[in-house]
>>> print(open('start-v9.txt').read())   # compact mmCIF, C-alpha atoms and all ligand atoms
# COMPACT_ATOMS: atom_id res chain seq x y z
CA MET J 1 91.18 138.87 -67.74
CA GLN J 2 92.25 141.41 -70.41
CA ASN J 3 90.11 144.53 -70.67
CA THR J 4 92.04 146.58 -73.21
CA GLY J 5 90.45 149.82 -74.35
CA LYS J 6 88.12 150.10 -71.39
CA THR J 7 88.10 152.96 -68.87
CA ALA J 8 87.71 152.32 -65.14
CA PHE J 9 86.83 154.82 -62.43
CA VAL J 10 88.21 153.85 -59.02
CA THR J 11 87.30 155.83 -55.89
CA GLY J 12 89.54 155.79 -52.83
CA ALA J 13 92.36 155.13 -55.30
CA ALA J 14 95.04 156.43 -52.94
CA GLY J 15 94.18 153.94 -50.17
CA GLY J 16 95.56 150.48 -49.49
CA ILE J 17 92.95 148.50 -51.45
CA GLY J 18 92.42 151.30 -54.00
CA GLN J 19 96.07 151.36 -55.08
CA ALA J 20 96.03 147.59 -55.54
CA ILE J 21 92.82 147.81 -57.62
CA VAL J 22 94.35 150.53 -59.81
CA GLY J 23 97.43 148.32 -60.36
CA ALA J 24 95.29 145.30 -61.28
CA MET J 25 93.10 147.31 -63.66
CA LEU J 26 96.14 148.82 -65.40
CA ALA J 27 97.67 145.34 -65.70
CA SER J 28 94.53 144.19 -67.51
CA GLY J 29 94.98 146.95 -70.12
CA THR J 30 92.37 149.32 -68.70
CA ARG J 31 92.82 153.09 -68.48
CA VAL J 32 92.01 154.20 -64.92
CA VAL J 33 90.60 157.44 -63.52
CA LEU J 34 91.91 157.63 -59.93
CA VAL J 35 89.60 159.50 -57.57
CA ASP J 36 90.44 160.45 -53.99
CA ARG J 37 90.38 163.48 -51.70
CA ASP J 38 94.12 163.05 -51.07
CA ALA J 39 95.59 165.12 -53.93
CA ALA J 40 99.25 164.65 -52.95
CA SER J 41 99.00 160.85 -52.89
CA LEU J 42 97.10 160.88 -56.20
CA ALA J 43 99.89 162.91 -57.82
CA ARG J 44 102.52 160.42 -56.58
CA LEU J 45 100.44 157.51 -57.89
CA ALA J 46 99.96 159.14 -61.29
CA ASP J 47 103.76 159.51 -61.54
CA ARG J 48 104.22 155.88 -60.56
CA PHE J 49 101.57 154.46 -62.90
CA GLY J 50 102.11 156.68 -65.98
CA ALA J 51 99.79 158.07 -68.63
CA ALA J 52 97.09 155.38 -68.33
CA ALA J 53 96.35 156.61 -64.78
CA VAL J 54 94.40 159.89 -64.67
CA PRO J 55 94.19 161.49 -61.18
CA VAL J 56 91.13 163.54 -60.16
CA THR J 57 90.70 165.04 -56.68
CA ILE J 58 87.11 164.94 -55.41
CA ASP J 59 85.81 165.08 -51.83
CA LEU J 60 83.13 162.38 -51.96
CA ALA J 61 81.57 163.73 -48.75
CA ASP J 62 80.23 166.64 -50.83
CA PRO J 63 77.38 165.49 -53.12
CA ASP J 64 77.63 168.59 -55.33
CA ALA J 65 81.34 167.91 -55.86
CA VAL J 66 80.52 164.26 -56.71
CA ILE J 67 77.88 165.25 -59.29
CA SER J 68 79.99 167.95 -60.97
CA GLY J 69 83.17 165.83 -60.70
CA ILE J 70 81.73 162.80 -62.49
CA ALA J 71 80.08 165.02 -65.12
CA GLY J 72 83.47 166.61 -65.85
CA ILE J 73 85.18 163.20 -66.03
CA LEU J 74 82.52 161.81 -68.38
CA ASP J 75 82.97 164.90 -70.58
CA SER J 76 86.73 164.50 -70.76
CA VAL J 77 87.13 160.68 -70.94
CA GLY J 78 83.88 160.07 -72.85
CA GLN J 79 82.93 156.83 -71.13
CA VAL J 80 83.31 154.99 -67.83
CA ASP J 81 83.01 151.26 -68.53
CA ILE J 82 83.97 150.02 -65.06
CA LEU J 83 82.97 151.81 -61.86
CA VAL J 84 84.65 150.67 -58.64
CA ASN J 85 83.06 152.26 -55.58
CA ASN J 86 85.92 151.60 -53.18
CA ALA J 87 86.25 154.78 -51.09
CA GLY J 88 85.10 154.44 -47.53
CA ILE J 89 85.73 155.62 -44.02
CA LEU J 90 85.74 153.45 -40.94
CA THR J 91 84.54 154.56 -37.51
CA SER J 92 84.13 152.63 -34.30
CA ASP J 93 81.13 154.10 -32.41
CA LYS J 94 78.49 151.55 -31.56
CA LEU J 95 74.81 152.63 -31.46
CA ALA J 96 74.87 154.14 -27.96
CA THR J 97 77.50 156.74 -28.94
CA THR J 98 76.50 157.31 -32.59
CA THR J 99 75.57 160.92 -33.38
CA LEU J 100 73.36 161.83 -36.33
CA ALA J 101 76.09 164.13 -37.69
CA ASP J 102 78.69 161.32 -37.71
CA TRP J 103 76.11 158.93 -39.20
CA HIS J 104 75.33 161.36 -42.07
CA ARG J 105 79.01 162.05 -42.80
CA LEU J 106 79.82 158.35 -43.02
CA MET J 107 76.75 157.60 -45.17
CA ALA J 108 77.67 160.46 -47.56
CA ILE J 109 81.03 158.86 -48.33
CA ASN J 110 80.30 155.12 -47.99
CA LEU J 111 76.84 155.07 -49.60
CA ASP J 112 75.56 158.32 -51.16
CA ALA J 113 78.65 158.83 -53.34
CA ALA J 114 78.34 155.26 -54.66
CA MET J 115 74.67 155.85 -55.54
CA LEU J 116 75.40 159.18 -57.27
CA LEU J 117 78.34 157.77 -59.24
CA THR J 118 76.42 154.65 -60.29
CA LYS J 119 73.47 156.75 -61.42
CA ALA J 120 75.77 159.04 -63.42
CA CYS J 121 77.72 156.22 -65.12
CA LEU J 122 74.79 153.97 -66.09
CA PRO J 123 73.42 155.91 -69.10
CA ALA J 124 76.69 155.60 -71.08
CA MET J 125 77.06 151.93 -70.02
CA ARG J 126 73.51 151.28 -71.25
CA ALA J 127 74.28 153.02 -74.53
CA ALA J 128 77.41 150.87 -74.95
CA GLY J 129 75.57 147.68 -73.95
CA TRP J 130 78.40 146.82 -71.53
CA GLY J 131 79.35 147.90 -68.05
CA ARG J 132 80.67 146.77 -64.71
CA VAL J 133 79.78 148.17 -61.29
CA ILE J 134 81.86 146.82 -58.41
CA ASN J 135 81.12 147.93 -54.86
CA ILE J 136 83.63 147.30 -52.09
CA ALA J 137 81.39 146.37 -49.17
CA SER J 138 82.72 144.59 -46.07
CA TYR J 139 82.15 141.52 -43.95
CA ALA J 140 80.65 144.10 -41.55
CA TRP J 141 77.48 144.12 -43.68
CA LYS J 142 76.31 140.77 -42.33
CA SER J 143 78.33 140.34 -39.15
CA GLY J 144 76.90 143.16 -37.06
CA GLY J 145 80.09 145.10 -37.57
CA LEU J 146 82.49 143.19 -35.29
CA THR J 147 85.11 145.90 -34.54
CA ALA J 148 83.48 148.49 -36.87
CA SER J 149 80.84 151.07 -35.98
CA THR J 150 77.09 150.62 -36.32
CA ALA J 151 77.05 153.29 -39.04
CA TYR J 152 79.81 151.52 -40.98
CA ALA J 153 78.04 148.14 -40.83
CA VAL J 154 74.73 149.71 -41.93
CA SER J 155 76.43 151.63 -44.77
CA LYS J 156 77.93 148.40 -46.10
CA ALA J 157 74.61 146.52 -45.81
CA ALA J 158 72.97 149.35 -47.77
CA LEU J 159 75.77 149.19 -50.35
CA VAL J 160 74.95 145.52 -50.84
CA GLY J 161 71.30 146.54 -51.31
CA LEU J 162 72.39 149.09 -53.93
CA THR J 163 74.43 146.33 -55.61
CA PHE J 164 71.35 144.08 -55.81
CA SER J 165 69.02 146.83 -57.09
CA THR J 166 71.55 147.96 -59.69
CA ALA J 167 71.97 144.34 -60.84
CA ARG J 168 68.20 143.88 -61.14
CA GLU J 169 67.73 147.13 -63.03
CA THR J 170 70.62 146.69 -65.50
CA ALA J 171 71.01 142.96 -66.18
CA ALA J 172 69.28 143.12 -69.55
CA ALA J 173 71.55 145.99 -70.65
CA GLY J 174 74.83 144.04 -70.55
CA ILE J 175 75.82 145.58 -67.22
CA THR J 176 76.80 143.61 -64.14
CA SER J 177 76.74 144.84 -60.55
CA ASN J 178 78.58 142.95 -57.84
CA ALA J 179 80.02 143.53 -54.39
CA ILE J 180 83.14 142.27 -52.67
CA ALA J 181 82.87 141.80 -48.90
CA PRO J 182 86.37 141.61 -47.42
CA ALA J 183 87.47 141.37 -43.82
CA TYR J 184 90.73 142.47 -42.28
CA VAL J 185 92.68 143.54 -45.34
CA ILE J 186 96.19 144.79 -44.62
CA SER J 187 95.78 148.55 -45.15
CA PRO J 188 96.16 151.72 -43.08
CA MET J 189 92.39 151.69 -42.41
CA ILE J 190 92.38 148.45 -40.50
CA MET J 191 95.92 148.24 -39.17
CA GLU J 192 95.64 151.69 -37.54
CA GLN J 193 92.28 150.83 -35.97
CA LEU J 194 93.50 147.67 -34.25
CA ASN J 195 96.01 147.64 -31.41
CA GLU J 196 98.44 144.74 -30.94
CA ALA J 197 96.04 142.79 -28.69
CA ASP J 198 93.12 143.30 -31.15
CA ARG J 199 95.29 142.12 -34.04
CA ALA J 200 96.29 138.94 -32.21
CA ARG J 201 92.66 138.25 -31.21
CA GLN J 202 91.39 138.80 -34.75
CA LEU J 203 94.08 136.60 -36.24
CA ARG J 204 92.95 133.77 -33.97
CA ALA J 205 89.36 134.28 -35.23
CA ILE J 206 90.28 133.98 -38.93
CA PRO J 207 90.30 130.29 -39.94
CA VAL J 208 92.91 130.78 -42.69
CA GLY J 209 95.20 132.23 -40.00
CA ARG J 210 96.26 135.46 -41.69
CA PHE J 211 94.97 138.82 -42.85
CA CYS J 212 93.91 139.46 -46.47
CA ALA J 213 96.35 141.09 -48.90
CA PRO J 214 95.03 144.13 -50.85
CA GLU J 215 96.14 142.42 -54.08
CA GLU J 216 93.71 139.56 -53.37
CA VAL J 217 90.78 142.01 -53.30
CA ALA J 218 92.16 143.74 -56.41
CA HIS J 219 92.40 140.44 -58.29
CA THR J 220 88.75 139.70 -57.51
CA ALA J 221 87.77 143.19 -58.74
CA ALA J 222 89.76 142.70 -61.98
CA PHE J 223 88.02 139.35 -62.53
CA LEU J 224 84.55 140.85 -61.94
CA ALA J 225 85.47 143.65 -64.37
CA SER J 226 86.59 141.22 -67.06
CA PRO J 227 84.52 139.88 -69.98
CA LEU J 228 84.83 136.41 -68.36
CA ALA J 229 82.56 137.48 -65.47
CA GLY J 230 79.61 138.60 -67.60
CA PHE J 231 77.21 136.00 -66.15
CA ILE J 232 77.87 137.03 -62.55
CA THR J 233 75.57 139.82 -61.40
CA GLY J 234 73.99 140.56 -58.04
CA GLY J 235 76.79 138.61 -56.39
CA VAL J 236 78.56 139.31 -53.10
CA ILE J 237 82.02 137.75 -53.10
CA ASP J 238 83.00 136.97 -49.51
CA MET J 239 86.68 137.41 -48.73
CA ASN J 240 86.64 136.73 -44.99
CA GLY J 241 89.17 133.94 -44.61
CA GLY J 242 86.49 131.41 -43.70
CA MET J 243 84.93 133.33 -40.79
CA GLN J 244 81.43 132.78 -42.20
CA PHE J 245 79.98 130.68 -45.03
CA ASP J 246 76.54 131.07 -46.54
N1 LIG W 301 90.93 147.25 -44.91
C1 LIG W 301 89.98 146.38 -44.59
O1 LIG W 301 90.18 145.46 -43.80
C2 LIG W 301 88.63 146.47 -45.22
C3 LIG W 301 87.72 145.44 -44.95
C4 LIG W 301 86.46 145.51 -45.52
C5 LIG W 301 86.14 146.55 -46.36
N2 LIG W 301 87.04 147.53 -46.60
C6 LIG W 301 86.62 148.60 -47.50
O2 LIG W 301 87.55 148.74 -48.54
C7 LIG W 301 87.55 150.09 -49.00
C8 LIG W 301 88.99 150.59 -49.06
O3 LIG W 301 89.53 150.55 -47.74
P1 LIG W 301 91.09 150.58 -47.42
O4 LIG W 301 91.33 149.53 -46.43
O5 LIG W 301 91.88 150.64 -48.66
O6 LIG W 301 91.14 151.97 -46.64
P2 LIG W 301 92.10 153.23 -46.78
O7 LIG W 301 91.77 154.11 -45.65
O8 LIG W 301 93.50 152.79 -47.01
O9 LIG W 301 91.59 153.88 -48.15
C9 LIG W 301 90.39 154.62 -48.24
C10 LIG W 301 90.61 155.70 -49.29
O10 LIG W 301 89.39 156.43 -49.43
C11 LIG W 301 89.70 157.80 -49.48
N3 LIG W 301 88.60 158.60 -49.00
C12 LIG W 301 88.08 158.61 -47.74
N4 LIG W 301 87.15 159.57 -47.64
C13 LIG W 301 87.08 160.17 -48.86
C14 LIG W 301 86.33 161.27 -49.37
N5 LIG W 301 85.49 161.97 -48.60
N6 LIG W 301 86.51 161.62 -50.66
C15 LIG W 301 87.40 160.96 -51.44
N7 LIG W 301 88.16 159.93 -51.00
C16 LIG W 301 88.01 159.56 -49.72
C17 LIG W 301 90.92 157.97 -48.56
O11 LIG W 301 91.63 159.17 -48.84
C18 LIG W 301 91.71 156.71 -48.86
O12 LIG W 301 92.64 156.91 -49.91
C19 LIG W 301 86.66 150.87 -48.04
O13 LIG W 301 85.38 151.05 -48.60
C20 LIG W 301 86.57 149.96 -46.84
O14 LIG W 301 85.39 150.16 -46.10
C21 LIG W 301 88.27 147.52 -46.06
>>> encode(input="start-v9.txt", output="structure tokens")
Amino acid sequence: MQNTGKTAFVTGAAGGIGQAIVGAMLASGTRVVLVDRDAASLARLADRFGAAAVPVTIDLADPDAVISGIAGILDSVGQVDILVNNAGILTSDKLATTTLADWHRLMAINLDAAMLLTKACLPAMRAAGWGRVINIASYAWKSGGLTASTAYAVSKAALVGLTFSTARETAAAGITSNAIAPAYVISPMIMEQLNEADRARQLRAIPVGRFCAPEEVAHTAAFLASPLAGFITGGVIDMNGGMQFD
């Protein structure tokens, strides 16, 4: 699981799952560029994690900021070996109440930013003959969203499609592209969305009888990023506590 000397780029690094992924990447010897729109949290994390954690504030809803931000990072760090597209927003509107403006905003963050960052990072990965792209999807991609919005479920299904296309287009170049599809991870995103009754109902629906810990998702990401996972590409790792097998 060691990945010493590599550089990872983790979006949504200030969030529940993002912080755990940053911790797991640092533990595997990887330098990490932490990207989020929340500058204050990033600064606190950089203090906590030390010199191997490099904070960069980017609003991923703004495609121009994404393109110039990643260009600046590639200039200063030289190479991104591991890209973790983890940032995402969760909404709850089903189709009947979905507006086009809300749809576009969610897609910009959950999908467009991942596409732009992947496109920007691939040339240097190709040149190095090694790379890892890890997309944090969701069980929503194949479950019709459950408690999430239509837009969220569609964005995660499209992110899985991006994972597959990236895998197909880069397999021969030593690059892998995989997704992780978690459900009900303990983080502000999900815990704030569910009220007490929702939480109790969801717990009853999860066969393993508990929510997922962010560290469990992070451990899977660190494994997919490691040299040991080089034969896994185009995979979607389900982390849904047994709610669905396929
Ligand atoms: N928590 C869950 O149960 C769960 C389940 C399935 C999938 N996911 C996915 O995991 C990922 C991480 O979720 P989390 O639970 O840690 O959520 P979170 O809300 O704790 O973290 C999300 C992070 O993304 C950042 N972010 C949001 N919009 C941004 C923007 N425009 N620019 C830059 N950064 C932005 C936020 O500031 C935050 O730090 C998301 O993609 C989410 O869809 C979460």
>>> residues_near_ligand(input="start-v9.txt", ligand="ligand LIG 301 (chain W)", cutoff="7 Å", atoms="only C-alpha atoms and all ligand atoms", output="CSV table (one decimal) with C-alpha atoms, keeping the file's coordinate frame")
chain,number,residue,atom,x,y,z
J,11,THR,CA,87.3,155.8,-55.9
J,12,GLY,CA,89.5,155.8,-52.8
J,13,ALA,CA,92.4,155.1,-55.3
J,14,ALA,CA,95.0,156.4,-52.9
J,15,GLY,CA,94.2,153.9,-50.2
J,16,GLY,CA,95.6,150.5,-49.5
J,17,ILE,CA,93.0,148.5,-51.4
J,18,GLY,CA,92.4,151.3,-54.0
J,35,VAL,CA,89.6,159.5,-57.6
J,36,ASP,CA,90.4,160.4,-54.0
J,37,ARG,CA,90.4,163.5,-51.7
J,38,ASP,CA,94.1,163.0,-51.1
J,58,ILE,CA,87.1,164.9,-55.4
J,59,ASP,CA,85.8,165.1,-51.8
J,60,LEU,CA,83.1,162.4,-52.0
J,61,ALA,CA,81.6,163.7,-48.8
J,86,ASN,CA,85.9,151.6,-53.2
J,87,ALA,CA,86.2,154.8,-51.1
J,88,GLY,CA,85.1,154.4,-47.5
J,89,ILE,CA,85.7,155.6,-44.0
J,90,LEU,CA,85.7,153.4,-40.9
J,109,ILE,CA,81.0,158.9,-48.3
J,110,ASN,CA,80.3,155.1,-48.0
J,136,ILE,CA,83.6,147.3,-52.1
J,137,ALA,CA,81.4,146.4,-49.2
J,138,SER,CA,82.7,144.6,-46.1
J,139,TYR,CA,82.2,141.5,-44.0
J,181,ALA,CA,82.9,141.8,-48.9
J,182,PRO,CA,86.4,141.6,-47.4
J,183,ALA,CA,87.5,141.4,-43.8
J,184,TYR,CA,90.7,142.5,-42.3
J,185,VAL,CA,92.7,143.5,-45.3
J,186,ILE,CA,96.2,144.8,-44.6
J,187,SER,CA,95.8,148.6,-45.2
J,188,PRO,CA,96.2,151.7,-43.1
J,189,MET,CA,92.4,151.7,-42.4
J,190,ILE,CA,92.4,148.4,-40.5
>>> residues_around(input="start-v9.txt", residues="Phe164 in chain J", least_positions_apart="5", cutoff="9 Å", atoms="all atoms listed in the file", output="list in words")
Leu159, Glu169, Ser177, Asn178, Ala179, Thr233, Gly234 and Gly235 of chain J
>>> atom_distance(input="start-v9.txt", atom1="CA of Gln2 in chain J", atom2="CA of Ser226 in chain J")
6.6 Å
>>> atom_distance(input="start-v9.txt", atom1="CA of Gly5 in chain J", atom2="CA of Val66 in chain J")
24.9 Å
>>> closest_residue(input="start-v9.txt", among="J:Val10, J:Val208, J:Leu106, J:Val32", to="Val133 in chain J", atoms="all atoms listed in the file")
J:Val10
>>> build_atoms(input="start-v9.txt", residues="range 79-94 of chain J", atoms="N, CA and C atoms", output="CSV table (one decimal), in the frame of the given file")
chain,number,residue,atom,x,y,z
J,79,GLN,N,83.7,158.0,-71.5
J,79,GLN,CA,82.9,156.8,-71.1
J,79,GLN,C,83.6,156.2,-69.9
J,80,VAL,N,82.8,155.8,-68.9
J,80,VAL,CA,83.3,155.0,-67.8
J,80,VAL,C,82.7,153.6,-68.0
J,81,ASP,N,83.5,152.6,-68.3
J,81,ASP,CA,83.0,151.3,-68.5
J,81,ASP,C,82.9,150.5,-67.2
J,82,ILE,N,83.8,150.8,-66.3
J,82,ILE,CA,84.0,150.0,-65.1
J,82,ILE,C,84.0,151.0,-63.9
J,83,LEU,N,83.0,150.9,-63.0
J,83,LEU,CA,83.0,151.8,-61.9
J,83,LEU,C,83.3,151.0,-60.6
J,84,VAL,N,84.3,151.4,-59.9
J,84,VAL,CA,84.6,150.7,-58.6
J,84,VAL,C,84.4,151.6,-57.5
J,85,ASN,N,83.3,151.4,-56.8
J,85,ASN,CA,83.1,152.3,-55.6
J,85,ASN,C,83.8,151.7,-54.4
J,86,ASN,N,85.0,152.2,-54.2
J,86,ASN,CA,85.9,151.6,-53.2
J,86,ASN,C,86.1,152.5,-52.0
J,87,ALA,N,86.0,153.8,-52.2
J,87,ALA,CA,86.2,154.8,-51.1
J,87,ALA,C,85.4,154.5,-49.9
J,88,GLY,N,85.9,154.6,-48.7
J,88,GLY,CA,85.1,154.4,-47.5
J,88,GLY,C,85.8,155.0,-46.3
J,89,ILE,N,85.1,155.3,-45.3
J,89,ILE,CA,85.7,155.6,-44.0
J,89,ILE,C,85.2,154.6,-43.0
J,90,LEU,N,86.1,154.4,-42.0
J,90,LEU,CA,85.7,153.4,-40.9
J,90,LEU,C,85.7,154.2,-39.6
J,91,THR,N,84.6,154.0,-38.9
J,91,THR,CA,84.5,154.6,-37.5
J,91,THR,C,84.3,153.4,-36.5
J,92,SER,N,84.3,153.7,-35.3
J,92,SER,CA,84.1,152.6,-34.3
J,92,SER,C,83.0,152.8,-33.3
J,93,ASP,N,82.2,153.9,-33.4
J,93,ASP,CA,81.1,154.1,-32.4
J,93,ASP,C,80.0,153.1,-32.6
J,94,LYS,N,79.7,152.4,-31.5
J,94,LYS,CA,78.5,151.6,-31.6
J,94,LYS,C,77.3,152.4,-31.3
